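The structure file input.pdb is reproduced below (PDB, C-alpha atoms and all ligand atoms).
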ATOM      1  CA  MET G   1     -21.840 -12.974  12.178
ATOM      2  CA  SER G   2     -20.082  -9.634  12.558
ATOM      3  CA  THR G   3     -19.683  -7.143   9.707
ATOM      4  CA  PRO G   4     -16.186  -6.200   8.473
ATOM      5  CA  TYR G   5     -16.626  -2.864  10.267
ATOM      6  CA  GLU G   6     -17.431  -4.517  13.613
ATOM      7  CA  ALA G   7     -14.464  -6.861  13.126
ATOM      8  CA  ALA G   8     -12.220  -3.823  12.554
ATOM      9  CA  SER G   9     -13.500  -2.152  15.739
ATOM     10  CA  GLU G  10     -12.677  -5.289  17.709
ATOM     11  CA  ALA G  11      -9.177  -5.388  16.214
ATOM     12  CA  ALA G  12      -8.679  -1.693  17.063
ATOM     13  CA  VAL G  13      -9.584  -2.335  20.703
ATOM     14  CA  ALA G  14      -7.084  -5.221  20.856
ATOM     15  CA  LEU G  15      -4.477  -3.028  19.132
ATOM     16  CA  ALA G  16      -4.812  -0.326  21.803
ATOM     17  CA  GLU G  17      -4.489  -2.968  24.540
ATOM     18  CA  LYS G  18      -1.451  -4.707  23.049
ATOM     19  CA  THR G  19       0.479  -1.575  22.041
ATOM     20  CA  GLY G  20      -0.574   0.635  24.945
ATOM     21  CA  VAL G  21      -1.304   3.357  22.375
ATOM     22  CA  GLU G  22      -4.876   4.585  22.680
ATOM     23  CA  ARG G  23      -5.185   6.223  19.239
ATOM     24  CA  HIS G  24      -3.204   6.205  16.027
ATOM     25  CA  ASP G  25      -3.161   9.077  13.538
ATOM     26  CA  VAL G  26      -1.609   7.884  10.279
ATOM     27  CA  ALA G  27      -1.288   4.344   8.927
ATOM     28  CA  LEU G  28       1.350   3.025   6.549
ATOM     29  CA  VAL G  29       1.222  -0.256   4.682
ATOM     30  CA  MET G  30       4.700  -1.396   3.688
ATOM     31  CA  GLY G  31       4.651  -3.423   0.482
ATOM     32  CA  SER G  32       7.305  -5.421  -1.374
ATOM     33  CA  GLY G  33      10.619  -3.631  -1.208
ATOM     34  CA  TRP G  34       9.486  -1.121   1.422
ATOM     35  CA  LEU G  35      10.197  -3.043   4.629
ATOM     36  CA  PRO G  36      13.841  -1.913   4.896
ATOM     37  CA  ALA G  37      12.612   1.723   4.859
ATOM     38  CA  VAL G  38      10.568   1.350   8.039
ATOM     39  CA  ASP G  39      13.296   2.303  10.514
ATOM     40  CA  ALA G  40      13.521   5.798   9.008
ATOM     41  CA  LEU G  41       9.987   6.584  10.224
ATOM     42  CA  GLY G  42      10.879   7.012  13.866
ATOM     43  CA  GLU G  43      11.169   5.163  17.121
ATOM     44  CA  ALA G  44       9.189   1.943  17.583
ATOM     45  CA  VAL G  45       6.949   2.200  20.659
ATOM     46  CA  ALA G  46       5.615  -1.339  20.278
ATOM     47  CA  GLU G  47       5.727  -4.163  17.767
ATOM     48  CA  ILE G  48       3.249  -7.011  17.704
ATOM     49  CA  ASP G  49       2.521 -10.014  15.513
ATOM     50  CA  ILE G  50      -0.375  -9.031  13.324
ATOM     51  CA  ALA G  51      -1.846 -12.515  13.671
ATOM     52  CA  ASP G  52      -2.335 -11.764  17.396
ATOM     53  CA  LEU G  53      -5.069  -9.254  16.524
ATOM     54  CA  PRO G  54      -8.565 -10.562  15.739
ATOM     55  CA  GLY G  55      -9.287 -11.028  12.035
ATOM     56  CA  PHE G  56      -5.713 -11.007  10.715
ATOM     57  CA  ALA G  57      -4.018 -13.871   8.900
ATOM     58  CA  ALA G  58      -0.340 -14.805   9.247
ATOM     59  CA  PRO G  59       1.807 -13.677   6.270
ATOM     60  CA  ALA G  60       2.017 -15.957   3.239
ATOM     61  CA  VAL G  61       4.940 -14.559   1.256
ATOM     62  CA  ALA G  62       8.693 -14.320   1.876
ATOM     63  CA  GLY G  63       9.578 -10.633   2.150
ATOM     64  CA  HIS G  64       6.159  -9.700   3.556
ATOM     65  CA  GLY G  65       6.545  -9.147   7.286
ATOM     66  CA  GLY G  66       3.393  -9.914   9.272
ATOM     67  CA  LYS G  67       4.227  -7.470  12.071
ATOM     68  CA  LEU G  68       2.482  -4.325  13.168
ATOM     69  CA  ARG G  69       4.525  -1.496  14.621
ATOM     70  CA  SER G  70       3.441   1.585  16.548
ATOM     71  CA  VAL G  71       5.895   4.391  15.820
ATOM     72  CA  ARG G  72       6.046   7.793  17.457
ATOM     73  CA  SER G  73       6.995  10.544  14.984
ATOM     74  CA  GLY G  74       6.889  13.981  16.577
ATOM     75  CA  ASP G  75       3.347  14.338  17.940
ATOM     76  CA  THR G  76       1.993  11.704  15.565
ATOM     77  CA  ASN G  77       1.295   8.053  16.281
ATOM     78  CA  LEU G  78       2.015   5.989  13.188
ATOM     79  CA  LEU G  79       0.528   2.549  12.690
ATOM     80  CA  VAL G  80       2.876   0.662  10.390
ATOM     81  CA  PHE G  81       1.832  -2.608   8.767
ATOM     82  CA  LEU G  82       4.966  -4.582   7.854
ATOM     83  CA  GLY G  83       3.259  -6.525   5.106
ATOM     84  CA  ARG G  84      -0.332  -7.007   3.986
ATOM     85  CA  THR G  85      -2.858  -9.672   3.088
ATOM     86  CA  HIS G  86      -3.072 -10.041  -0.698
ATOM     87  CA  TYR G  87      -6.158 -10.847  -2.717
ATOM     88  CA  TYR G  88      -4.364 -13.820  -4.288
ATOM     89  CA  GLU G  89      -4.131 -15.530  -0.905
ATOM     90  CA  GLY G  90      -7.774 -16.415  -1.400
ATOM     91  CA  LEU G  91      -8.951 -15.211   2.030
ATOM     92  CA  GLY G  92     -11.494 -12.851   0.476
ATOM     93  CA  VAL G  93     -11.790  -9.098   0.105
ATOM     94  CA  ALA G  94     -12.710  -8.560   3.771
ATOM     95  CA  ALA G  95      -9.300  -9.963   4.803
ATOM     96  CA  VAL G  96      -7.577  -7.664   2.276
ATOM     97  CA  ALA G  97      -9.371  -4.579   3.633
ATOM     98  CA  HIS G  98      -9.169  -5.501   7.336
ATOM     99  CA  GLY G  99      -5.892  -3.613   7.883
ATOM    100  CA  VAL G 100      -7.077  -0.240   6.590
ATOM    101  CA  ARG G 101     -10.436  -0.666   8.341
ATOM    102  CA  THR G 102      -8.650  -1.436  11.606
ATOM    103  CA  ALA G 103      -6.465   1.647  11.069
ATOM    104  CA  ALA G 104      -9.588   3.772  10.549
ATOM    105  CA  ALA G 105     -11.208   2.305  13.665
ATOM    106  CA  ALA G 106      -7.974   3.043  15.576
ATOM    107  CA  GLY G 107      -8.311   6.738  14.667
ATOM    108  CA  CYS G 108      -6.180   7.056  11.524
ATOM    109  CA  ARG G 109      -7.293   9.885   9.245
ATOM    110  CA  ALA G 110      -4.834   9.038   6.476
ATOM    111  CA  VAL G 111      -3.181   5.948   5.066
ATOM    112  CA  VAL G 112      -0.016   5.623   3.006
ATOM    113  CA  LEU G 113      -0.270   2.549   0.782
ATOM    114  CA  THR G 114       3.078   1.429  -0.630
ATOM    115  CA  ASN G 115       3.803  -1.435  -2.977
ATOM    116  CA  GLY G 116       6.379  -2.956  -5.257
ATOM    117  CA  CYS G 117       5.265  -3.184  -8.851
ATOM    118  CA  GLY G 118       6.162  -3.547 -12.491
ATOM    119  CA  GLY G 119       6.656  -0.369 -14.526
ATOM    120  CA  LEU G 120       5.594   0.321 -18.102
ATOM    121  CA  LYS G 121       7.783   3.371 -18.668
ATOM    122  CA  PRO G 122      11.340   2.564 -19.774
ATOM    123  CA  GLU G 123      12.657   5.602 -17.880
ATOM    124  CA  TRP G 124      11.539   4.023 -14.569
ATOM    125  CA  ALA G 125      14.616   1.949 -13.718
ATOM    126  CA  PRO G 126      14.212  -0.648 -10.938
ATOM    127  CA  GLY G 127      14.273   1.265  -7.654
ATOM    128  CA  THR G 128      12.276   4.265  -8.928
ATOM    129  CA  PRO G 129       9.433   5.478  -6.657
ATOM    130  CA  VAL G 130       6.282   6.647  -8.470
ATOM    131  CA  LEU G 131       3.219   8.360  -6.984
ATOM    132  CA  ILE G 132      -0.107   6.697  -7.736
ATOM    133  CA  LYS G 133      -2.386   9.314  -9.294
ATOM    134  CA  ASP G 134      -5.267   6.951 -10.087
ATOM    135  CA  HIS G 135      -5.966   3.251 -10.435
ATOM    136  CA  ILE G 136      -7.662   0.629 -12.558
ATOM    137  CA  ASN G 137      -8.997  -2.273 -10.521
ATOM    138  CA  LEU G 138      -8.852  -5.451 -12.626
ATOM    139  CA  THR G 139      -9.625  -7.832  -9.767
ATOM    140  CA  GLY G 140     -13.262  -7.926 -10.819
ATOM    141  CA  THR G 141     -14.412  -7.218  -7.292
ATOM    142  CA  SER G 142     -14.830  -4.504  -4.641
ATOM    143  CA  SER G 143     -13.814  -4.326  -1.013
ATOM    144  CA  ILE G 144     -17.110  -2.613  -0.171
ATOM    145  CA  VAL G 145     -19.973  -4.657   1.237
ATOM    146  CA  GLY G 146     -23.521  -3.770   0.207
ATOM    147  CA  ALA G 147     -24.992  -0.880  -1.792
ATOM    148  CA  ASN G 148     -22.588   1.841  -0.726
ATOM    149  CA  PHE G 149     -21.791   3.871  -3.859
ATOM    150  CA  VAL G 150     -18.500   5.404  -2.759
ATOM    151  CA  ASP G 151     -17.079   8.239  -4.879
ATOM    152  CA  LEU G 152     -13.554   7.511  -6.120
ATOM    153  CA  THR G 153     -12.900  10.828  -7.850
ATOM    154  CA  ASP G 154      -9.608  12.054  -6.406
ATOM    155  CA  LEU G 155      -9.163   8.764  -4.520
ATOM    156  CA  TYR G 156      -5.415   9.410  -4.350
ATOM    157  CA  SER G 157      -5.307  12.686  -2.464
ATOM    158  CA  PRO G 158      -4.224  15.624  -4.664
ATOM    159  CA  ARG G 159      -3.153  17.419  -1.468
ATOM    160  CA  LEU G 160      -0.802  14.627  -0.410
ATOM    161  CA  ARG G 161       0.532  14.141  -3.957
ATOM    162  CA  ALA G 162       1.340  17.850  -4.190
ATOM    163  CA  LEU G 163       3.071  17.614  -0.825
ATOM    164  CA  CYS G 164       5.225  14.722  -2.051
ATOM    165  CA  GLN G 165       6.203  16.587  -5.204
ATOM    166  CA  GLU G 166       7.075  19.658  -3.158
ATOM    167  CA  ILE G 167       9.478  17.480  -1.158
ATOM    168  CA  GLU G 168      10.759  15.575  -4.178
ATOM    169  CA  PRO G 169      10.111  17.559  -7.400
ATOM    170  CA  ASP G 170      11.363  14.721  -9.648
ATOM    171  CA  LEU G 171       8.763  12.280  -8.319
ATOM    172  CA  ASP G 172       6.761  10.982 -11.286
ATOM    173  CA  GLU G 173       3.080   9.949 -11.202
ATOM    174  CA  GLY G 174       1.291   7.017 -12.787
ATOM    175  CA  VAL G 175      -1.905   4.980 -13.016
ATOM    176  CA  TYR G 176      -1.647   1.744 -11.021
ATOM    177  CA  VAL G 177      -3.376  -1.349 -12.359
ATOM    178  CA  GLN G 178      -4.165  -4.157  -9.934
ATOM    179  CA  PHE G 179      -4.285  -7.687 -11.320
ATOM    180  CA  PRO G 180      -5.461 -10.555  -9.099
ATOM    181  CA  GLY G 181      -2.120 -12.420  -9.399
ATOM    182  CA  PRO G 182      -0.263 -14.342  -8.120
ATOM    183  CA  HIS G 183       1.212 -14.928 -11.572
ATOM    184  CA  TYR G 184       2.801 -11.952 -13.288
ATOM    185  CA  GLU G 185       1.286 -10.664 -16.534
ATOM    186  CA  THR G 186       1.859 -11.925 -20.037
ATOM    187  CA  PRO G 187       3.389  -9.499 -22.540
ATOM    188  CA  ALA G 188      -0.033  -9.289 -24.231
ATOM    189  CA  GLU G 189      -1.638  -8.269 -20.926
ATOM    190  CA  ILE G 190       0.979  -5.557 -20.508
ATOM    191  CA  ARG G 191       0.165  -4.230 -23.995
ATOM    192  CA  MET G 192      -3.485  -4.156 -22.859
ATOM    193  CA  VAL G 193      -2.492  -2.209 -19.729
ATOM    194  CA  ALA G 194      -0.717   0.359 -21.903
ATOM    195  CA  ALA G 195      -3.787   0.604 -24.165
ATOM    196  CA  ILE G 196      -6.175   1.256 -21.248
ATOM    197  CA  GLY G 197      -3.953   3.913 -19.696
ATOM    198  CA  GLY G 198      -2.003   2.008 -17.045
ATOM    199  CA  ASP G 199       1.603   2.780 -16.090
ATOM    200  CA  LEU G 200       2.220   0.461 -13.130
ATOM    201  CA  VAL G 201       1.142  -3.150 -12.545
ATOM    202  CA  GLY G 202       0.813  -4.932  -9.242
ATOM    203  CA  MET G 203      -1.254  -7.226  -7.047
ATOM    204  CA  SER G 204      -2.362  -4.951  -4.203
ATOM    205  CA  THR G 205      -3.423  -1.452  -3.164
ATOM    206  CA  THR G 206      -6.636  -0.731  -5.115
ATOM    207  CA  LEU G 207      -8.963  -2.779  -2.885
ATOM    208  CA  GLU G 208      -7.334  -1.244   0.201
ATOM    209  CA  ALA G 209      -7.581   2.279  -1.232
ATOM    210  CA  ILE G 210     -11.297   1.776  -1.908
ATOM    211  CA  ALA G 211     -11.907   0.549   1.652
ATOM    212  CA  ALA G 212      -9.874   3.466   3.024
ATOM    213  CA  ARG G 213     -11.925   5.978   1.064
ATOM    214  CA  GLU G 214     -15.134   4.334   2.218
ATOM    215  CA  ALA G 215     -13.857   4.728   5.794
ATOM    216  CA  GLY G 216     -13.235   8.443   5.150
ATOM    217  CA  MET G 217      -9.446   8.305   5.150
ATOM    218  CA  GLU G 218      -7.178  10.379   2.964
ATOM    219  CA  VAL G 219      -5.116   8.065   0.726
ATOM    220  CA  LEU G 220      -1.544   8.413  -0.486
ATOM    221  CA  GLY G 221      -0.252   5.668  -2.799
ATOM    222  CA  ILE G 222       3.416   5.229  -3.652
ATOM    223  CA  SER G 223       4.760   2.454  -5.856
ATOM    224  CA  LEU G 224       8.340   1.301  -6.002
ATOM    225  CA  VAL G 225       9.058   0.083  -9.511
ATOM    226  CA  THR G 226      11.113  -3.037  -8.883
ATOM    227  CA  ASN G 227      11.010  -4.480 -12.394
ATOM    228  CA  ALA G 228      10.098  -3.602 -15.952
ATOM    229  CA  ALA G 229       6.645  -5.013 -16.751
ATOM    230  CA  ALA G 230       6.562  -8.345 -18.606
ATOM    231  CA  GLY G 231       7.770  -8.340 -22.187
ATOM    232  CA  MET G 232       9.422  -4.925 -21.993
ATOM    233  CA  THR G 233      13.038  -6.033 -21.716
ATOM    234  CA  GLY G 234      12.977  -9.635 -22.953
ATOM    235  CA  GLU G 235      14.102 -10.789 -19.471
ATOM    236  CA  PRO G 236      11.867 -13.044 -17.335
ATOM    237  CA  LEU G 237      10.467 -11.706 -14.021
ATOM    238  CA  ASN G 238      11.866 -13.083 -10.799
ATOM    239  CA  HIS G 239      10.732 -12.559  -7.176
ATOM    240  CA  GLU G 240      14.287 -12.512  -5.753
ATOM    241  CA  GLU G 241      15.243  -9.673  -8.101
ATOM    242  CA  VAL G 242      12.194  -7.787  -6.890
ATOM    243  CA  LEU G 243      13.380  -8.101  -3.271
ATOM    244  CA  GLU G 244      16.909  -7.048  -4.278
ATOM    245  CA  ALA G 245      15.633  -3.893  -5.982
ATOM    246  CA  GLY G 246      13.748  -3.077  -2.781
ATOM    247  CA  LYS G 247      16.849  -3.468  -0.630
ATOM    248  CA  ALA G 248      18.873  -1.294  -2.978
ATOM    249  CA  ALA G 249      16.228   1.473  -2.895
ATOM    250  CA  ALA G 250      15.529   1.259   0.850
ATOM    251  CA  THR G 251      17.541   4.279   1.938
ATOM    252  CA  ARG G 252      15.903   6.542  -0.619
ATOM    253  CA  MET G 253      12.402   5.246   0.231
ATOM    254  CA  GLY G 254      13.099   5.715   3.935
ATOM    255  CA  GLU G 255      14.185   9.309   3.380
ATOM    256  CA  LEU G 256      11.139   9.987   1.204
ATOM    257  CA  LEU G 257       8.648   8.561   3.717
ATOM    258  CA  GLY G 258      10.492  10.147   6.617
ATOM    259  CA  ALA G 259      10.125  13.549   4.953
ATOM    260  CA  ILE G 260       6.495  13.129   3.899
ATOM    261  CA  VAL G 261       4.893  11.532   6.945
ATOM    262  CA  PRO G 262       5.422  14.405   9.418
ATOM    263  CA  ARG G 263       3.562  16.688   6.991
ATOM    264  CA  ILE G 264       0.540  14.469   6.417
TER     265      ILE G 264
HETATM  266  I1  LIG A 301       7.205  -6.356  -7.130
HETATM  267  O1  LIG A 301       5.451  -6.882 -12.764
HETATM  268  C1  LIG A 301       5.931  -6.705  -8.586
HETATM  269  N1  LIG A 301       4.661  -7.009  -8.320
HETATM  270  N2  LIG A 301       1.213  -7.884 -11.319
HETATM  271  N3  LIG A 301       3.361  -7.376 -12.061
HETATM  272  C2  LIG A 301       2.474  -7.585 -11.050
HETATM  273  N4  LIG A 301       2.819  -7.488  -9.773
HETATM  274  C3  LIG A 301       4.083  -7.171  -9.506
HETATM  275  C4  LIG A 301       5.051  -6.946 -10.481
HETATM  276  C5  LIG A 301       4.659  -7.055 -11.840
HETATM  277  N5  LIG A 301       6.211  -6.654  -9.884
END

Please express what this file holds, its structure, as structure tokens.
Ligand code: 8IG
Amino acid sequence: MSTPYEAASEAAVALAEKTGVERHDVALVMGSGWLPAVDALGEAVAEIDIADLPGFAAPAVAGHGGKLRSVRSGDTNLLVFLGRTHYYEGLGVAAVAHGVRTAAAAGCRAVVLTNGCGGLKPEWAPGTPVLIKDHINLTGTSSIVGANFVDLTDLYSPRLRALCQEIEPDLDEGVYVQFPGPHYETPAEIRMVAAIGGDLVGMSTTLEAIAAREAGMEVLGISLVTNAAAGMTGEPLNHEEVLEAGKAAATRMGELLGAIVPRI
């Protein structure tokens, strides 16, 4: 049986063959609400079905793409994942981390992890982007295999966060809390999140960020608040509304990423 790292190397070889791009420099993972922003990144050199690369599953959720795009931006080759494998799909942590590991094996030195999430601050209206400054992983597991005691101090690159705030001074920061999902939280769980220091709640990102750090990549995390966290407004949460908030914010997210990525 191959290790997750060998599997990622195999996928990177297939990626180079299928895209015709020998090396990639920066990876982006487009989460809920971020897909419409992808065209602002630059010209697509190639687009493939992610399931055509070894080790990747087909997408499970409406609004999560399942494509992989190679984009040329200036002198930089971007590897853009239009969607991701989520922990709640039950395919295991290796499947969740396979994308960032493949990006690392393909040459990427940095990864931009985006997601759609619930927000705990009333001032974050749906459609507000928030930088991830730290995380709390409530999945109860790690994406790392074996006794590799990876340091997560400054997991979310202070350099890249400063760069983002230089470009967009109003950009707020928060602590992202990953729940396993796929159900949303109860109001009591959201009160717990507030008590332990969380600002954003979602079902992705932390396991990928850990794998990216293990692989030596610089990590930038940006959340798009698509809904107030459960119990904050009295309204129920609804997946269609989440997708709508993403569409409405797409232009702004595209401009933000388009400005940041060339400077990574
Ligand atoms: I979009 O409110 C989106 N994803 N756990 N909670 C969790 N995940 C989410 C939420 C949310 N909104």

The centre and edge lengths of an axis-aligned box containing all atoms of ligand LIG 301 (chain A) present in the file, extended by 6 Å on each side, are to be given in Å to one decimal, as AutoDock Vina command-line options.
--center_x 4.2 --center_y -7.1 --center_z -9.9 --size_x 18.0 --size_y 13.5 --size_z 17.6

For G:Glu214, which residue among G:Gly127, G:Gly33, G:Gly146, G:Pro122 is the nearest when counting all atoms listed in the file?
->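 Using all atoms listed in the file, the shortest distance to G:Glu214 belongs to G:Gly146.
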
Please identify the residues whose atoms come within 9 Å of ligand LIG 301 (chain A), using all atoms listed in the file, and report them as a ChimeraX atom specification.
-> /G:31-33,115-120,177-185,190,200-204,224-230,237-239,241-243,245-246

Residues as selected, C-alpha atoms, written as a PDB file, in the frame of the given file, can you do that?
ATOM      1  CA  GLY G  31       4.651  -3.423   0.482  1.00  0.00           C
ATOM      2  CA  SER G  32       7.305  -5.421  -1.374  1.00  0.00           C
ATOM      3  CA  GLY G  33      10.619  -3.631  -1.208  1.00  0.00           C
ATOM      4  CA  ASN G 115       3.803  -1.435  -2.977  1.00  0.00           C
ATOM      5  CA  GLY G 116       6.379  -2.956  -5.257  1.00  0.00           C
ATOM      6  CA  CYS G 117       5.265  -3.184  -8.851  1.00  0.00           C
ATOM      7  CA  GLY G 118       6.162  -3.547 -12.491  1.00  0.00           C
ATOM      8  CA  GLY G 119       6.656  -0.369 -14.526  1.00  0.00           C
ATOM      9  CA  LEU G 120       5.594   0.321 -18.102  1.00  0.00           C
ATOM     10  CA  VAL G 177      -3.376  -1.349 -12.359  1.00  0.00           C
ATOM     11  CA  GLN G 178      -4.165  -4.157  -9.934  1.00  0.00           C
ATOM     12  CA  PHE G 179      -4.285  -7.687 -11.320  1.00  0.00           C
ATOM     13  CA  PRO G 180      -5.461 -10.555  -9.099  1.00  0.00           C
ATOM     14  CA  GLY G 181      -2.120 -12.420  -9.399  1.00  0.00           C
ATOM     15  CA  PRO G 182      -0.263 -14.342  -8.120  1.00  0.00           C
ATOM     16  CA  HIS G 183       1.212 -14.928 -11.572  1.00  0.00           C
ATOM     17  CA  TYR G 184       2.801 -11.952 -13.288  1.00  0.00           C
ATOM     18  CA  GLU G 185       1.286 -10.664 -16.534  1.00  0.00           C
ATOM     19  CA  ILE G 190       0.979  -5.557 -20.508  1.00  0.00           C
ATOM     20  CA  LEU G 200       2.220   0.461 -13.130  1.00  0.00           C
ATOM     21  CA  VAL G 201       1.142  -3.150 -12.545  1.00  0.00           C
ATOM     22  CA  GLY G 202       0.813  -4.932  -9.242  1.00  0.00           C
ATOM     23  CA  MET G 203      -1.254  -7.226  -7.047  1.00  0.00           C
ATOM     24  CA  SER G 204      -2.362  -4.951  -4.203  1.00  0.00           C
ATOM     25  CA  LEU G 224       8.340   1.301  -6.002  1.00  0.00           C
ATOM     26  CA  VAL G 225       9.058   0.083  -9.511  1.00  0.00           C
ATOM     27  CA  THR G 226      11.113  -3.037  -8.883  1.00  0.00           C
ATOM     28  CA  ASN G 227      11.010  -4.480 -12.394  1.00  0.00           C
ATOM     29  CA  ALA G 228      10.098  -3.602 -15.952  1.00  0.00           C
ATOM     30  CA  ALA G 229       6.645  -5.013 -16.751  1.00  0.00           C
ATOM     31  CA  ALA G 230       6.562  -8.345 -18.606  1.00  0.00           C
ATOM     32  CA  LEU G 237      10.467 -11.706 -14.021  1.00  0.00           C
ATOM     33  CA  ASN G 238      11.866 -13.083 -10.799  1.00  0.00           C
ATOM     34  CA  HIS G 239      10.732 -12.559  -7.176  1.00  0.00           C
ATOM     35  CA  GLU G 241      15.243  -9.673  -8.101  1.00  0.00           C
ATOM     36  CA  VAL G 242      12.194  -7.787  -6.890  1.00  0.00           C
ATOM     37  CA  LEU G 243      13.380  -8.101  -3.271  1.00  0.00           C
ATOM     38  CA  ALA G 245      15.633  -3.893  -5.982  1.00  0.00           C
ATOM     39  CA  GLY G 246      13.748  -3.077  -2.781  1.00  0.00           C
TER      40      GLY G 246
END

What gap, in Å, lies between atom CA of G:Leu138 and atom CA of G:Ile222?
-> 18.6 Å

Which of these, G:Lys247, G:Arg263, G:Val93, G:Gly216, has the shortest distance to G:Val145 once you count all atoms listed in the file?
-> G:Val93

Evaluate the PyMOL selection byres (((chain G and resi 197) around 10) and not hetatm) on the structure here and hand back the selected residues as a PyMOL selection string.
-> chain G and resi 135-136+174-177+192-196+198-200

Could you save the residues just selected, with C-alpha atoms, as a PDB file, in the frame of the given file?
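Output file out14.pdb is given in full below:
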ATOM      1  CA  HIS G 135      -5.966   3.251 -10.435  1.00  0.00           C
ATOM      2  CA  ILE G 136      -7.662   0.629 -12.558  1.00  0.00           C
ATOM      3  CA  GLY G 174       1.291   7.017 -12.787  1.00  0.00           C
ATOM      4  CA  VAL G 175      -1.905   4.980 -13.016  1.00  0.00           C
ATOM      5  CA  TYR G 176      -1.647   1.744 -11.021  1.00  0.00           C
ATOM      6  CA  VAL G 177      -3.376  -1.349 -12.359  1.00  0.00           C
ATOM      7  CA  MET G 192      -3.485  -4.156 -22.859  1.00  0.00           C
ATOM      8  CA  VAL G 193      -2.492  -2.209 -19.729  1.00  0.00           C
ATOM      9  CA  ALA G 194      -0.717   0.359 -21.903  1.00  0.00           C
ATOM     10  CA  ALA G 195      -3.787   0.604 -24.165  1.00  0.00           C
ATOM     11  CA  ILE G 196      -6.175   1.256 -21.248  1.00  0.00           C
ATOM     12  CA  GLY G 198      -2.003   2.008 -17.045  1.00  0.00           C
ATOM     13  CA  ASP G 199       1.603   2.780 -16.090  1.00  0.00           C
ATOM     14  CA  LEU G 200       2.220   0.461 -13.130  1.00  0.00           C
TER      15      LEU G 200
END

Residue nearest G:Ala8 - candidates G:Val71, G:Ala103, G:Ala46, G:Val21, atoms counted: all atoms listed in the file | G:Ala103

Which residues fall under the PyMOL selection byres (((chain G and resi 95) around 9) and not hetatm) in this file, as a ChimeraX atom specification?
-> /G:4,55-57,85-87,91-94,96-99

Using the chain letters and numbering of this document, enumerate as a tab-separated table (two decimals) with C-alpha atoms, in the coordinates of the input the residues selected by the PyMOL selection byres (((chain G and resi 163) around 12) and not hetatm).
chain	number	residue	atom	x	y	z
G	131	LEU	CA	3.22	8.36	-6.98
G	157	SER	CA	-5.31	12.69	-2.46
G	158	PRO	CA	-4.22	15.62	-4.66
G	159	ARG	CA	-3.15	17.42	-1.47
G	160	LEU	CA	-0.80	14.63	-0.41
G	161	ARG	CA	0.53	14.14	-3.96
G	162	ALA	CA	1.34	17.85	-4.19
G	164	CYS	CA	5.22	14.72	-2.05
G	165	GLN	CA	6.20	16.59	-5.20
G	166	GLU	CA	7.08	19.66	-3.16
G	167	ILE	CA	9.48	17.48	-1.16
G	168	GLU	CA	10.76	15.58	-4.18
G	169	PRO	CA	10.11	17.56	-7.40
G	171	LEU	CA	8.76	12.28	-8.32
G	220	LEU	CA	-1.54	8.41	-0.49
G	256	LEU	CA	11.14	9.99	1.20
G	257	LEU	CA	8.65	8.56	3.72
G	259	ALA	CA	10.12	13.55	4.95
G	260	ILE	CA	6.50	13.13	3.90
G	261	VAL	CA	4.89	11.53	6.94
G	262	PRO	CA	5.42	14.40	9.42
G	263	ARG	CA	3.56	16.69	6.99
G	264	ILE	CA	0.54	14.47	6.42

If you measure from atom CA of G:Thr139 to atom CA of G:Thr205, what distance in Å do you get, rounded to one decimal?
->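 These atoms are spaced 11.1 Å apart.
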
Min atom-atom distance to G:Ala188 from the set G:Met232, G:Asp25, G:Lys121, G:Thr19, counting all atoms listed in the file, belongs to G:Met232

Minimum-distance residue to G:Glu208, chosen among G:Leu152, G:Ala11, G:Val100, G:Ala40 (using all atoms listed in the file) =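 Under the stated criterion, the closest residue is G:Val100.
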
Atom CA of G:Ala12 to atom CA of G:Tyr156: how many Å, to one decimal?
-> 24.3 Å

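Residue nearest G:Asp151, chosen from G:Ala110, G:Glu123, G:Arg213, G:Ala105 and counting only C-alpha atoms: G:Arg213.
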
Can you pull out every residue within 9 Å of G:Arg109, counting all atoms listed in the file, but drop anything in the same chain fewer than 4 positions away, and send it as an NGL selection string?
-> :G and (24-27 or 103-104 or 216-219)

What would stretch 96-103 of chain G look like with N, CA and C atoms restored, written as a short mmCIF file (atom, residue, chain, number, x, y, z; two decimals), in the coordinates of the input?
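Saved as part-v3.cif:
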data_model
loop_
_atom_site.label_atom_id
_atom_site.label_comp_id
_atom_site.auth_asym_id
_atom_site.auth_seq_id
_atom_site.Cartn_x
_atom_site.Cartn_y
_atom_site.Cartn_z
N VAL G 96 -8.46 -8.64 2.93
CA VAL G 96 -7.58 -7.66 2.28
C VAL G 96 -7.79 -6.27 2.87
N ALA G 97 -9.04 -5.94 3.17
CA ALA G 97 -9.37 -4.58 3.63
C ALA G 97 -9.29 -4.43 5.15
N HIS G 98 -9.09 -5.53 5.87
CA HIS G 98 -9.17 -5.50 7.34
C HIS G 98 -8.13 -4.55 7.95
N GLY G 99 -6.94 -4.49 7.34
CA GLY G 99 -5.89 -3.61 7.88
C GLY G 99 -6.29 -2.15 7.84
N VAL G 100 -6.72 -1.66 6.68
CA VAL G 100 -7.08 -0.24 6.59
C VAL G 100 -8.32 0.05 7.43
N ARG G 101 -9.25 -0.90 7.50
CA ARG G 101 -10.44 -0.67 8.34
C ARG G 101 -10.06 -0.62 9.82
N THR G 102 -9.12 -1.47 10.22
CA THR G 102 -8.65 -1.44 11.61
C THR G 102 -7.95 -0.11 11.88
N ALA G 103 -7.15 0.35 10.91
CA ALA G 103 -6.46 1.65 11.07
C ALA G 103 -7.50 2.77 11.24
#
